[in-house]
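The structure appears below as structure tokens.
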Amino acid sequence: MATPPPQHGAGPYHPYAPQQGGPYGPYPMPRQAGPYGPHPVPQGAYDCRLCGAQPAAPVTVRGHQGMLVLMRFLRQDGPFCRDCGLATYRRMSSDTLWQGWWGPLSFFITPFTLLLNLGARAGFRRLAPPAGGFRPALDPGRPLWRRPAALLFLVPALLLFLAVPALVVLGLVIDGPEQLSVGQCVRNEGSWTDQDLQVVSCGSPRAQYKVTARLDTPGAHCAPLDYLADPKYGPDEFTSACLTPLH
């Protein structure tokens, strides 16, 4: 039986010979990583945009400026390494503390901006020290609470925060008007419409009236010639006392 002649153009080295791998040519071979080939970049690896160091976090730091009617929203996008990020956070937050309040809406936007920056600060502090940069990282400088701009805001805010409990404590420590009790003697240094009752000794020539009854008990009443003490000298605004003249 005769062997069929080879097809036209067939041969192991013919450029149009069909190749293994399918109708569209050979399957591409995966490129192997070698000493001169590409190496895969680990997921989540970033270089600091300011110094090129690693590790870095893709975090945004924000700032705000209030200008009475107008306002400006500022931002610096990462990634930042730990030191460059802290330096950016402290600078922009410090500027916001004294530039951000000068406007009706800015007064409320500024605290929100500072709270957002606290999240960025936490992200920077979780990073390891920067390494491998093409230039030195920024110096973070002094902490925010030790900067003059921050102190200008923090001191009044702290005083305002402490003012409410301080007033409560003063109200408990400082006595109000002296409470009248039965048997005391008093002198009125004012008028009966604007009384200024002073408690004095009953043996003193300055004594004018004696407290003979308090109207905070059932059935208590004053004699016909008694005077009525101002209600503020009772335990509440509805309590008063009977003052009997001594002369």
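Following the order of the structure tokens, first chain is A, next is B, and so on, with residues numbered from 1 inside each chain and ligands from 1 in the order they appear.
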| request: Would you please give, as a PyMOL selection string, all residues of segment 69-187 of chain A that DSSP assigns to strand (DSSP E) based on the backbone? | output: chain A and resi 70-77+185-187
| said: Taking only C-alpha atoms into account, name the residue in A:Cys81, A:Thr217, A:Val169, A:Cys202 that is nearest to Gly133 of chain A. | reply: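 Of A:Cys81, A:Thr217, A:Val169, A:Cys202, the one nearest Gly133 of chain A is A:Cys81, counting only C-alpha atoms.
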| message | Taking 4 positions as the minimum chain separation for residues in the same chain, which residues sit within 12 Å of Ser191 of chain A when counting only C-alpha atoms? Answer as a list in words. | response | Arg187, Gln195, Asp196, Leu197, Ala229 and Asp230 of chain A
| remark: Counting only C-alpha atoms, the residue among A:Gly183, A:Gly141, A:Pro224, A:Pro129 that lies closest to Ser201 of chain A is A:Gly183
| For segment 66-78 of chain A: contacts at 8 Å, only C-alpha atoms, fewer than 2 positions along chain excluded, given as a list in words |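 My list of contacting residues is Cys48, Arg49, Ala57, Pro58, Val59, Thr60, Val61, Arg62, Gly63, His64, Phe80, Thr88, Gln99, Gly100, Trp101, Trp102, Gly103, Pro104, Ser106 and Phe107 of chain A.
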